[in-house]
$ cat run.cif   # mmCIF, C-alpha atoms
data_coords
#
loop_
_atom_site.label_atom_id
_atom_site.label_comp_id
_atom_site.auth_asym_id
_atom_site.auth_seq_id
_atom_site.Cartn_x
_atom_site.Cartn_y
_atom_site.Cartn_z
CA PRO A 797 67.02 96.21 94.71
CA TYR A 798 66.11 92.69 93.67
CA TYR A 799 63.79 90.09 95.13
CA TRP A 800 65.51 87.18 96.85
CA LYS A 801 63.53 84.57 94.90
CA VAL A 802 63.40 83.83 91.18
CA ASP A 803 60.33 83.26 89.02
CA THR A 804 59.55 80.05 87.11
CA ALA A 805 61.73 81.26 84.23
CA GLY A 806 64.72 81.80 86.51
CA ASN A 807 64.43 85.60 86.49
CA GLN A 808 65.24 87.59 89.59
CA LEU A 809 62.69 90.39 89.91
CA PRO A 810 63.23 93.87 91.27
CA TYR A 811 61.10 94.94 94.23
CA ALA A 812 59.96 98.07 96.04
CA ASP A 813 62.63 98.74 98.65
CA ARG A 814 60.70 101.22 100.74
CA VAL A 815 57.14 102.31 101.58
CA GLU A 816 56.22 105.90 102.33
CA THR A 817 52.83 106.65 103.85
CA GLU A 818 51.36 110.13 103.94
CA ILE A 819 48.47 110.85 106.30
CA ALA A 820 45.69 112.90 104.72
CA ALA A 821 42.05 113.68 105.41
CA GLY A 822 39.82 111.01 103.87
CA GLY A 823 37.98 113.52 101.70
CA LEU A 824 41.23 114.66 100.06
CA VAL A 825 42.60 111.26 99.10
CA ALA A 826 40.88 110.98 95.70
CA SER A 827 42.03 114.49 94.74
CA LYS A 828 45.62 113.79 95.77
CA VAL A 829 45.56 110.58 93.74
CA THR A 830 44.51 112.43 90.56
CA LEU A 831 47.46 114.79 91.08
CA GLY A 832 49.85 111.83 90.95
CA GLU A 833 50.67 111.87 94.66
CA SER A 834 50.07 108.16 95.26
CA ASP A 835 51.55 105.03 93.67
CA LEU A 836 49.14 102.55 95.24
CA GLN A 837 45.85 103.52 96.87
CA VAL A 838 42.73 101.70 98.00
CA ARG A 839 41.88 103.04 101.46
CA SER A 840 39.51 106.03 101.51
CA LEU A 841 38.46 105.41 97.89
CA THR A 842 34.87 104.40 97.14
CA PHE A 843 33.02 103.46 93.99
CA SER A 844 31.60 106.98 93.79
CA ASP A 845 35.18 108.19 93.23
CA ALA A 846 35.64 105.96 90.16
CA PRO A 847 34.62 108.54 87.49
CA VAL A 848 37.01 111.14 88.91
CA LEU A 849 39.80 108.59 89.21
CA LYS A 850 39.37 107.42 85.61
CA LYS A 851 39.39 111.01 84.36
CA GLY A 852 42.63 111.73 86.24
CA GLU A 853 44.60 108.76 84.87
CA PRO A 854 46.56 110.69 82.16
CA THR A 855 47.78 113.40 84.54
CA GLY A 856 48.20 111.16 87.57
CA ASN A 857 50.20 108.48 85.67
CA TYR A 858 48.19 105.57 87.08
CA ALA A 859 45.56 103.01 86.11
CA THR A 860 42.28 102.42 87.93
CA TYR A 861 41.33 98.80 88.62
CA LEU A 862 38.02 97.63 90.07
CA TRP A 863 38.41 94.96 92.69
CA SER A 864 35.54 93.39 94.64
CA ASN A 865 34.78 93.91 98.31
CA GLY A 866 35.20 90.64 100.21
CA ALA A 867 33.03 91.44 103.23
CA ALA A 868 29.80 89.47 103.54
CA SER A 869 27.94 92.73 102.91
CA GLU A 870 29.09 96.14 101.75
CA ILE A 871 26.51 97.81 104.02
CA ALA A 872 24.57 96.10 106.81
CA LEU A 873 22.15 97.28 109.51
CA TYR A 874 22.47 95.73 112.96
CA PRO A 875 19.37 95.74 115.18
CA ASN A 876 20.98 95.90 118.63
CA MET A 877 19.40 93.14 120.69
CA ASN A 878 21.00 94.65 123.78
CA TYR A 879 19.45 98.09 123.20
CA GLU A 880 18.59 99.89 126.45
CA ASP A 881 14.93 100.62 125.58
CA ALA A 882 12.86 97.58 126.59
CA ALA A 883 10.11 98.03 123.98
CA PHE A 884 12.51 98.32 121.05
CA ARG A 885 14.76 95.60 122.49
CA GLU A 886 11.81 93.21 122.46
CA LEU A 887 11.10 94.08 118.83
CA PHE A 888 14.72 93.65 117.79
CA ARG A 889 14.77 90.20 119.39
CA ASN A 890 11.73 89.17 117.35
CA ALA A 891 12.85 87.48 114.14
CA ASP A 892 9.69 88.48 112.26
CA PHE A 893 10.40 92.15 112.95
CA ARG A 894 13.93 91.81 111.56
CA ARG A 895 12.62 89.85 108.57
CA ALA A 896 9.97 92.49 107.86
CA LEU A 897 12.55 95.29 107.89
CA SER A 898 14.70 93.30 105.48
CA LEU A 899 11.80 92.62 103.10
CA ALA A 900 11.01 96.35 103.13
CA VAL A 901 14.43 97.31 101.66
CA ASP A 902 14.52 98.04 97.92
CA ARG A 903 18.01 96.67 97.24
CA LYS A 904 17.66 97.01 93.48
CA ALA A 905 17.18 100.78 93.83
CA ILE A 906 20.31 100.99 96.02
CA ASN A 907 22.36 98.94 93.55
CA LYS A 908 21.24 100.92 90.50
CA SER A 909 21.56 104.33 92.16
CA LEU A 910 24.92 103.87 93.88
CA TYR A 911 26.71 101.08 91.99
CA TYR A 912 25.25 101.20 88.45
CA GLY A 913 23.93 97.69 89.04
CA LEU A 914 27.44 96.24 89.45
CA ALA A 915 26.97 95.03 93.05
CA LYS A 916 24.88 92.06 94.24
CA GLU A 917 21.50 92.54 95.93
CA ARG A 918 21.85 90.09 98.78
CA ALA A 919 21.55 89.46 102.49
CA VAL A 920 24.55 89.06 104.78
CA ALA A 921 25.83 85.69 103.56
CA PRO A 922 28.93 84.03 102.07
CA LEU A 923 29.99 85.33 98.66
CA GLN A 924 30.17 83.13 95.58
CA ARG A 925 33.89 82.44 96.04
CA SER A 926 33.09 80.64 99.30
CA PRO A 927 32.26 76.91 99.35
CA PHE A 928 29.35 77.84 101.63
CA TYR A 929 27.64 80.06 99.06
CA SER A 930 24.06 79.24 98.13
CA ASP A 931 21.34 81.27 96.44
CA ALA A 932 18.97 80.41 99.28
CA ARG A 933 21.27 81.98 101.87
CA ALA A 934 22.17 84.96 99.69
CA HIS A 935 18.54 85.88 99.09
CA ALA A 936 16.90 84.81 102.36
CA TRP A 937 14.39 87.51 103.35
CA ALA A 938 16.15 89.86 100.90
CA ASN A 939 13.60 90.18 98.10
CA TYR A 940 11.71 93.48 98.06
CA ASP A 941 8.17 92.71 99.25
CA PRO A 942 6.64 95.70 101.06
CA GLU A 943 3.19 94.09 101.10
CA LYS A 944 4.43 91.06 103.01
CA ALA A 945 6.58 93.26 105.26
CA GLY A 946 3.55 95.37 106.14
CA ALA A 947 1.46 92.30 106.92
CA MET A 948 4.18 90.96 109.20
CA LEU A 949 4.39 94.27 111.06
CA ASP A 950 0.59 94.27 111.45
CA ALA A 951 0.75 90.76 112.90
CA LEU A 952 3.24 92.01 115.50
CA GLY A 953 0.64 94.42 116.86
CA LEU A 954 2.06 97.47 115.09
CA GLU A 955 -0.94 98.20 112.87
CA ALA A 956 -1.84 101.54 114.50
CA ARG A 957 -0.43 104.64 112.79
CA ASP A 958 -0.26 108.36 113.43
CA GLY A 959 -1.17 111.20 111.07
CA ASP A 960 1.83 110.82 108.74
CA GLY A 961 1.50 107.04 108.44
CA THR A 962 4.24 106.12 110.92
CA ARG A 963 3.40 103.03 112.93
CA LEU A 964 2.94 103.24 116.68
CA LEU A 965 4.35 101.01 119.38
CA PRO A 966 1.88 99.50 121.87
CA ASP A 967 2.88 102.25 124.33
CA GLY A 968 1.92 104.95 121.79
CA ARG A 969 5.40 106.01 120.69
CA ARG A 970 6.22 106.28 116.99
CA LEU A 971 8.16 103.46 115.35
CA GLU A 972 11.24 105.59 114.73
CA ILE A 973 14.51 103.71 114.29
CA VAL A 974 17.74 105.64 114.75
CA VAL A 975 20.47 104.24 112.52
CA GLU A 976 23.93 105.21 113.75
CA SER A 977 26.90 105.37 111.39
CA ALA A 978 30.59 106.17 111.65
CA GLY A 979 29.95 108.69 108.87
CA GLU A 980 33.04 107.64 106.94
CA ARG A 981 31.43 106.51 103.66
CA ASN A 982 29.22 108.58 101.38
CA ALA A 983 27.69 105.43 99.95
CA GLU A 984 26.47 104.50 103.43
CA SER A 985 24.53 107.72 103.98
CA ASP A 986 23.19 107.64 100.41
CA ALA A 987 22.01 104.05 100.85
CA LEU A 988 20.29 104.91 104.12
CA GLU A 989 18.32 107.66 102.38
CA LEU A 990 16.95 105.02 100.03
CA VAL A 991 16.24 102.64 102.91
CA ALA A 992 14.37 105.45 104.66
CA GLU A 993 12.19 105.91 101.58
CA SER A 994 11.29 102.22 101.29
CA TRP A 995 10.72 101.81 105.04
CA ARG A 996 8.42 104.84 105.00
CA GLU A 997 6.13 102.87 102.67
CA VAL A 998 5.55 100.28 105.41
CA GLY A 999 5.22 102.83 108.20
CA VAL A 1000 8.71 102.74 109.69
CA LYS A 1001 10.64 105.99 110.10
CA LEU A 1002 14.43 105.89 109.79
CA ILE A 1003 16.50 108.62 111.42
CA TYR A 1004 20.15 108.82 110.33
CA ARG A 1005 22.71 109.77 112.96
CA PRO A 1006 26.42 110.00 112.03
CA LEU A 1007 28.88 109.55 114.89
CA ASP A 1008 32.61 109.30 115.39
CA ARG A 1009 33.75 105.68 114.98
CA ASP A 1010 34.86 105.29 118.61
CA ILE A 1011 31.67 106.89 119.92
CA LEU A 1012 29.59 104.58 117.74
CA ARG A 1013 31.34 101.49 119.07
CA ASN A 1014 31.17 102.55 122.70
CA SER A 1015 27.49 103.44 122.35
CA ALA A 1016 26.75 100.02 120.91
CA TYR A 1017 28.74 98.24 123.63
CA GLN A 1018 26.76 100.11 126.32
CA GLY A 1019 23.38 99.44 124.72
CA SER A 1020 22.68 103.06 123.78
CA ALA A 1021 23.08 102.62 120.00
CA MET A 1022 19.83 101.46 118.45
CA MET A 1023 20.81 100.12 115.04
CA PRO A 1024 24.45 100.64 113.98
CA VAL A 1025 25.37 100.37 110.31
CA TRP A 1026 28.66 98.77 109.28
CA TYR A 1027 30.01 96.20 106.86
CA GLY A 1028 28.73 92.64 107.06
CA TRP A 1029 30.99 89.91 108.42
CA ASN A 1030 34.66 90.73 107.81
CA ASN A 1031 35.17 87.47 105.95
CA GLY A 1032 32.65 86.92 103.18
CA ILE A 1033 34.54 83.96 101.69
CA PRO A 1034 34.79 81.53 104.62
CA THR A 1035 35.98 77.95 104.38
CA PRO A 1036 35.54 75.17 106.96
CA GLU A 1037 38.88 76.22 108.47
CA THR A 1038 37.74 79.83 109.06
CA PRO A 1039 36.86 80.57 112.71
CA PRO A 1040 33.11 81.41 112.76
CA ASP A 1041 33.60 84.30 115.21
CA ASP A 1042 31.42 86.69 113.17
CA LEU A 1043 28.44 84.35 113.46
CA ALA A 1044 28.30 83.67 117.22
CA PRO A 1045 27.95 85.97 120.25
CA VAL A 1046 31.63 85.75 121.17
CA ASP A 1047 32.79 89.33 120.58
CA GLN A 1048 31.39 92.67 121.74
CA ALA A 1049 32.44 94.17 118.38
CA ASN A 1050 29.47 92.42 116.74
CA PHE A 1051 26.78 95.12 116.80
CA SER A 1052 23.94 92.57 116.85
CA TRP A 1053 24.72 91.47 120.43
CA PRO A 1054 27.60 93.45 122.01
CA MET A 1055 26.68 92.58 125.61
CA TRP A 1056 26.32 88.89 124.83
CA GLY A 1057 29.78 89.06 123.28
CA GLN A 1058 31.13 90.81 126.38
CA HIS A 1059 29.75 88.00 128.52
CA PHE A 1060 31.65 85.42 126.48
CA GLN A 1061 34.89 87.41 126.30
CA THR A 1062 34.98 88.15 130.04
CA ARG A 1063 33.81 84.66 131.07
CA GLY A 1064 30.69 86.10 132.64
CA LYS A 1065 32.27 89.05 134.48
CA ALA A 1066 30.58 91.63 132.21
CA GLY A 1067 27.66 91.82 129.82
CA GLU A 1068 24.90 89.24 129.88
CA PRO A 1069 24.35 85.73 128.49
CA PRO A 1070 22.39 85.25 125.23
CA ALA A 1071 18.69 85.54 125.91
CA ILE A 1072 17.21 83.90 122.79
CA ALA A 1073 17.45 80.28 121.69
CA PRO A 1074 19.01 80.85 118.21
CA ALA A 1075 21.89 82.86 119.72
CA GLN A 1076 22.40 80.19 122.37
CA ARG A 1077 22.55 77.55 119.64
CA LEU A 1078 25.11 79.63 117.72
CA LEU A 1079 27.29 79.67 120.82
CA GLU A 1080 27.03 75.87 121.08
CA LEU A 1081 27.96 75.50 117.41
CA HIS A 1082 30.93 77.83 117.83
CA HIS A 1083 32.15 75.55 120.60
CA ALA A 1084 31.50 72.52 118.39
CA TRP A 1085 33.65 74.06 115.63
CA MET A 1086 36.45 74.69 118.14
CA GLU A 1087 36.27 71.09 119.33
CA ALA A 1088 35.88 69.46 115.89
CA ARG A 1089 38.69 67.06 115.05
CA ASP A 1090 38.21 67.05 111.29
CA GLU A 1091 37.03 69.21 108.40
CA GLU A 1092 33.70 67.39 108.24
CA GLY A 1093 32.85 68.45 111.79
CA ARG A 1094 33.88 72.05 111.17
CA GLU A 1095 31.90 72.15 107.94
CA ALA A 1096 28.78 70.84 109.69
CA ALA A 1097 29.05 73.55 112.35
CA TRP A 1098 29.44 76.24 109.71
CA ASN A 1099 26.46 75.05 107.69
CA GLU A 1100 24.09 75.05 110.63
CA MET A 1101 25.30 78.47 111.78
CA LEU A 1102 24.80 79.93 108.30
CA ASP A 1103 21.31 78.45 108.06
CA ILE A 1104 20.41 80.02 111.39
CA HIS A 1105 21.63 83.43 110.21
CA ALA A 1106 19.75 83.15 106.92
CA ASP A 1107 16.55 82.41 108.81
CA GLN A 1108 16.98 84.82 111.71
CA VAL A 1109 18.36 87.92 109.89
CA PHE A 1110 20.51 89.10 112.79
CA ALA A 1111 21.96 91.71 110.41
CA ILE A 1112 20.13 93.27 107.46
CA GLY A 1113 22.47 93.27 104.47
CA LEU A 1114 21.81 95.74 101.64
CA ILE A 1115 24.24 94.80 98.86
CA SER A 1116 27.37 92.65 98.48
CA ALA A 1117 30.44 92.35 96.26
CA ALA A 1118 30.53 96.08 95.55
CA PRO A 1119 33.24 97.31 93.15
CA GLN A 1120 36.25 98.76 94.97
CA PRO A 1121 38.52 101.12 93.00
CA ILE A 1122 42.27 100.75 93.40
CA ILE A 1123 44.78 102.99 91.65
CA VAL A 1124 48.18 101.64 90.58
CA ASN A 1125 51.10 103.69 89.27
CA ASN A 1126 51.89 102.79 85.67
CA ARG A 1127 55.41 101.75 86.68
CA LEU A 1128 54.23 99.48 89.52
CA LYS A 1129 54.01 95.87 88.34
CA ASN A 1130 52.59 92.55 89.58
CA VAL A 1131 49.52 94.18 91.16
CA PRO A 1132 46.54 91.97 90.21
CA LYS A 1133 43.91 93.66 88.05
CA GLN A 1134 41.13 91.64 89.66
CA ALA A 1135 41.22 90.72 93.33
CA ILE A 1136 39.39 90.80 96.65
CA TRP A 1137 39.66 93.83 98.94
CA THR A 1138 38.97 92.82 102.52
CA TRP A 1139 40.45 92.91 105.98
CA ASP A 1140 39.93 89.23 106.68
CA PRO A 1141 41.29 87.18 105.04
CA GLY A 1142 44.35 88.93 103.76
CA ALA A 1143 44.86 92.05 105.87
CA HIS A 1144 43.57 94.16 103.00
CA MET A 1145 46.36 93.80 100.40
CA GLY A 1146 48.67 91.45 102.25
CA VAL A 1147 47.22 88.31 100.70
CA HIS A 1148 48.12 89.52 97.21
CA ARG A 1149 51.89 88.93 97.60
CA MET A 1150 52.91 92.55 97.95
CA ASP A 1151 56.52 91.48 98.37
CA GLU A 1152 56.47 90.76 94.62
CA PHE A 1153 55.24 94.21 93.58
CA TYR A 1154 58.03 96.15 91.89
CA PHE A 1155 58.65 99.35 89.95
CA GLN A 1156 59.64 99.00 86.33
CA PRO A 1157 62.96 100.85 85.84
#

$ encode --input "run.cif" --output "structure tokens"
Amino acid sequence: PYYWKVDTAGNQLPYADRVETEIAAGGLVASKVTLGESDLQVRSLTFSDAPVLKKGEPTGNYATYLWSNGAASEIALYPNMNYEDAAFRELFRNADFRRALSLAVDRKAINKSLYYGLAKERAVAPLQRSPFYSDARAHAWANYDPEKAGAMLDALGLEARDGDGTRLLPDGRRLEIVVESAGERNAESDALELVAESWREVGVKLIYRPLDRDILRNSAYQGSAMMPVWYGWNNGIPTPETPPDDLAPVDQANFSWPMWGQHFQTRGKAGEPPAIAPAQRLLELHHAWMEARDEEGREAAWNEMLDIHADQVFAIGLISAAPQPIIVNNRLKNVPKQAIWTWDPGAHMGVHRMDEFYFQP
């Protein structure tokens, strides 16, 4: 088989004329790769698999590349502002509480322990490939400062503690935050162990609760999930032309405000309207982006929305631009050695011109 186009030198390239997909349990994928059972694999591989993958290259007849994750954060915590418990809901809607939790995260420890320092210790914000990147946004409320975090929690009326140092709510309950996960990534659970350690220093107890992906989403949509953990925004490299759907309460799939998103999606038939001024402003700016007639107007909407997120910390990002292993059969050509791995933009690998991948005869 040959590709229907020619390259700049007039050569007609061969191409892969079929794709075969085998379904396997996520935990077995890395092992099957090392046995030479995959020609091209990214899904279900994590950075923790990289040493095993490199070791298996001679027998598996492949090379291991390290791409970069293109989500706005590799791991992010989402305080659910529609959580069913009124006391915690009030805390989650308080920007200083979200800021304090973010300041209490030791991102450097997470990066060194899980990614050998190869990731970026940043908040949920555009990556450096985006025209909207700025150091101020990337590091807003993201520097490890447990002393300041503790003072902010004290100022919120949470200074009382019980015998083990856990802070108490005004109603006497312990400040225990249940973080729900889809349980699909080892790095996620490992990172949360480190977050639990650093939060313990400021009197906040983290309880990890893995769930099935569908159960996690439905719980969040109904207000029964307290603080889901997921990736940051799908698109970490936005441009003025990128719809800012991740930044405004327009979709129930955003774990920060699922019911506010439901309200928008159903035109008021379900959910509830945004109850805090910054979220209401984000909705106005989303509309302004939709109505903008030129790039300047769309860029202005994006900039204000990003500044609001940097200040308000609607999601607590842990690290960004994490290395993503991809294995490529030694006969498979035209696969870029350095690239972005993300769902949006590019539908994972689709943006990398897969129609030009081919097997060397």

$ resolve_selection --input "run.cif" --expression "the PyMOL selection byres ((chain A and resi 824-833) around 8)" --output "PDB file with C-alpha atoms, in the frame of the given file"
ATOM      1  CA  ALA A 820      45.690 112.900 104.720  1.00  0.00           C
ATOM      2  CA  ALA A 821      42.050 113.680 105.410  1.00  0.00           C
ATOM      3  CA  GLY A 822      39.820 111.010 103.870  1.00  0.00           C
ATOM      4  CA  GLY A 823      37.980 113.520 101.700  1.00  0.00           C
ATOM      5  CA  SER A 834      50.070 108.160  95.260  1.00  0.00           C
ATOM      6  CA  ASP A 835      51.550 105.030  93.670  1.00  0.00           C
ATOM      7  CA  GLN A 837      45.850 103.520  96.870  1.00  0.00           C
ATOM      8  CA  SER A 840      39.510 106.030 101.510  1.00  0.00           C
ATOM      9  CA  LEU A 841      38.460 105.410  97.890  1.00  0.00           C
ATOM     10  CA  ASP A 845      35.180 108.190  93.230  1.00  0.00           C
ATOM     11  CA  VAL A 848      37.010 111.140  88.910  1.00  0.00           C
ATOM     12  CA  LEU A 849      39.800 108.590  89.210  1.00  0.00           C
ATOM     13  CA  GLY A 852      42.630 111.730  86.240  1.00  0.00           C
ATOM     14  CA  GLU A 853      44.600 108.760  84.870  1.00  0.00           C
ATOM     15  CA  THR A 855      47.780 113.400  84.540  1.00  0.00           C
ATOM     16  CA  GLY A 856      48.200 111.160  87.570  1.00  0.00           C
ATOM     17  CA  ASN A 857      50.200 108.480  85.670  1.00  0.00           C
ATOM     18  CA  TYR A 858      48.190 105.570  87.080  1.00  0.00           C
ATOM     19  CA  ILE A1123      44.780 102.990  91.650  1.00  0.00           C
TER      20      ILE A1123
END

$ residues_around --input "run.cif" --residues "Lys944 of chain A" --least-positions-apart "6" --cutoff "10 Å" --atoms "only C-alpha atoms" --output "list in words"
Arg895, Ala896, Leu899, Ala900, Asp950 and Val998 of chain A

$ atom_distance --input "run.cif" --atom1 "atom CA of Lys1129 of chain A" --atom2 "atom CA of Arg1149 of chain A"
11.8 Å

$ resolve_selection --input "run.cif" --expression "the PyMOL selection byres ((chain A and resi 987) around 10)" --output "list in words"
Ile871, Arg903, Ala905, Ile906, Asn907, Ser909, Leu910, Asn982, Ala983, Glu984, Ser985, Asp986, Leu988, Glu989, Leu990, Val991, Ala992, Leu1114 and Ile1115 of chain A

$ resolve_selection --input "run.cif" --expression "the PyMOL selection byres ((chain A and resi 887) around 12)" --output "NGL selection string"
:A and (875-879 or 881-886 or 888-897 or 949 or 952-954 or 965-966 or 971 or 973 or 1022)

$ closest_residue --input "run.cif" --among "A:Ser1116, A:Asp1042, A:Ala1049, A:Val1025" --to "Lys916 of chain A" --atoms "only C-alpha atoms"
A:Ser1116

$ residues_around --input "run.cif" --residues "Trp800 of chain A" --least-positions-apart "5" --cutoff "12 Å" --atoms "only C-alpha atoms" --output "count of residues only"
8

$ decode --input "run.cif" --residues "segment 1006-1022 of chain A" --atoms "N, CA and C atoms" --output "mmCIF file, in the first residue's frame"
data_model
loop_
_atom_site.group_PDB
_atom_site.id
_atom_site.type_symbol
_atom_site.label_atom_id
_atom_site.label_comp_id
_atom_site.auth_asym_id
_atom_site.auth_seq_id
_atom_site.Cartn_x
_atom_site.Cartn_y
_atom_site.Cartn_z
ATOM 1 N N PRO A 1006 -11.334 5.603 45.924
ATOM 2 C CA PRO A 1006 -11.413 5.241 44.506
ATOM 3 C C PRO A 1006 -12.797 4.739 44.129
ATOM 4 N N LEU A 1007 -13.273 5.165 42.968
ATOM 5 C CA LEU A 1007 -14.593 4.774 42.473
ATOM 6 C C LEU A 1007 -14.482 4.366 41.008
ATOM 7 N N ASP A 1008 -15.497 3.690 40.512
ATOM 8 C CA ASP A 1008 -15.609 3.480 39.081
ATOM 9 C C ASP A 1008 -15.824 4.828 38.395
ATOM 10 N N ARG A 1009 -15.304 4.982 37.185
ATOM 11 C CA ARG A 1009 -15.381 6.271 36.484
ATOM 12 C C ARG A 1009 -16.820 6.780 36.364
ATOM 13 N N ASP A 1010 -17.745 5.925 35.959
ATOM 14 C CA ASP A 1010 -19.134 6.363 35.794
ATOM 15 C C ASP A 1010 -19.767 6.734 37.122
ATOM 16 N N ILE A 1011 -19.436 5.974 38.171
ATOM 17 C CA ILE A 1011 -19.971 6.292 39.499
ATOM 18 C C ILE A 1011 -19.423 7.625 39.983
ATOM 19 N N LEU A 1012 -18.143 7.868 39.740
ATOM 20 C CA LEU A 1012 -17.536 9.145 40.126
ATOM 21 C C LEU A 1012 -18.260 10.304 39.454
ATOM 22 N N ARG A 1013 -18.475 10.190 38.152
ATOM 23 C CA ARG A 1013 -19.118 11.289 37.428
ATOM 24 C C ARG A 1013 -20.542 11.514 37.911
ATOM 25 N N ASN A 1014 -21.304 10.444 38.055
ATOM 26 C CA ASN A 1014 -22.687 10.591 38.495
ATOM 27 C C ASN A 1014 -22.768 11.155 39.910
ATOM 28 N N SER A 1015 -21.840 10.756 40.764
ATOM 29 C CA SER A 1015 -21.825 11.296 42.127
ATOM 30 C C SER A 1015 -21.553 12.788 42.114
ATOM 31 N N ALA A 1016 -20.620 13.209 41.270
ATOM 32 C CA ALA A 1016 -20.310 14.634 41.176
ATOM 33 C C ALA A 1016 -21.504 15.405 40.640
ATOM 34 N N TYR A 1017 -22.158 14.867 39.596
ATOM 35 C CA TYR A 1017 -23.292 15.563 38.994
ATOM 36 C C TYR A 1017 -24.432 15.745 39.992
ATOM 37 N N GLN A 1018 -24.576 14.789 40.923
ATOM 38 C CA GLN A 1018 -25.667 14.827 41.900
ATOM 39 C C GLN A 1018 -25.302 15.594 43.167
ATOM 40 N N GLY A 1019 -24.036 16.014 43.275
ATOM 41 C CA GLY A 1019 -23.619 16.752 44.453
ATOM 42 C C GLY A 1019 -23.155 15.892 45.604
ATOM 43 N N SER A 1020 -22.986 14.592 45.388
ATOM 44 C CA SER A 1020 -22.567 13.713 46.480
ATOM 45 C C SER A 1020 -21.070 13.418 46.476
ATOM 46 N N ALA A 1021 -20.345 13.866 45.463
ATOM 47 C CA ALA A 1021 -18.884 13.748 45.442
ATOM 48 C C ALA A 1021 -18.298 15.036 45.999
ATOM 49 N N MET A 1022 -17.416 14.908 46.955
ATOM 50 C CA MET A 1022 -16.904 16.061 47.683
ATOM 51 C C MET A 1022 -15.809 16.807 46.925
#
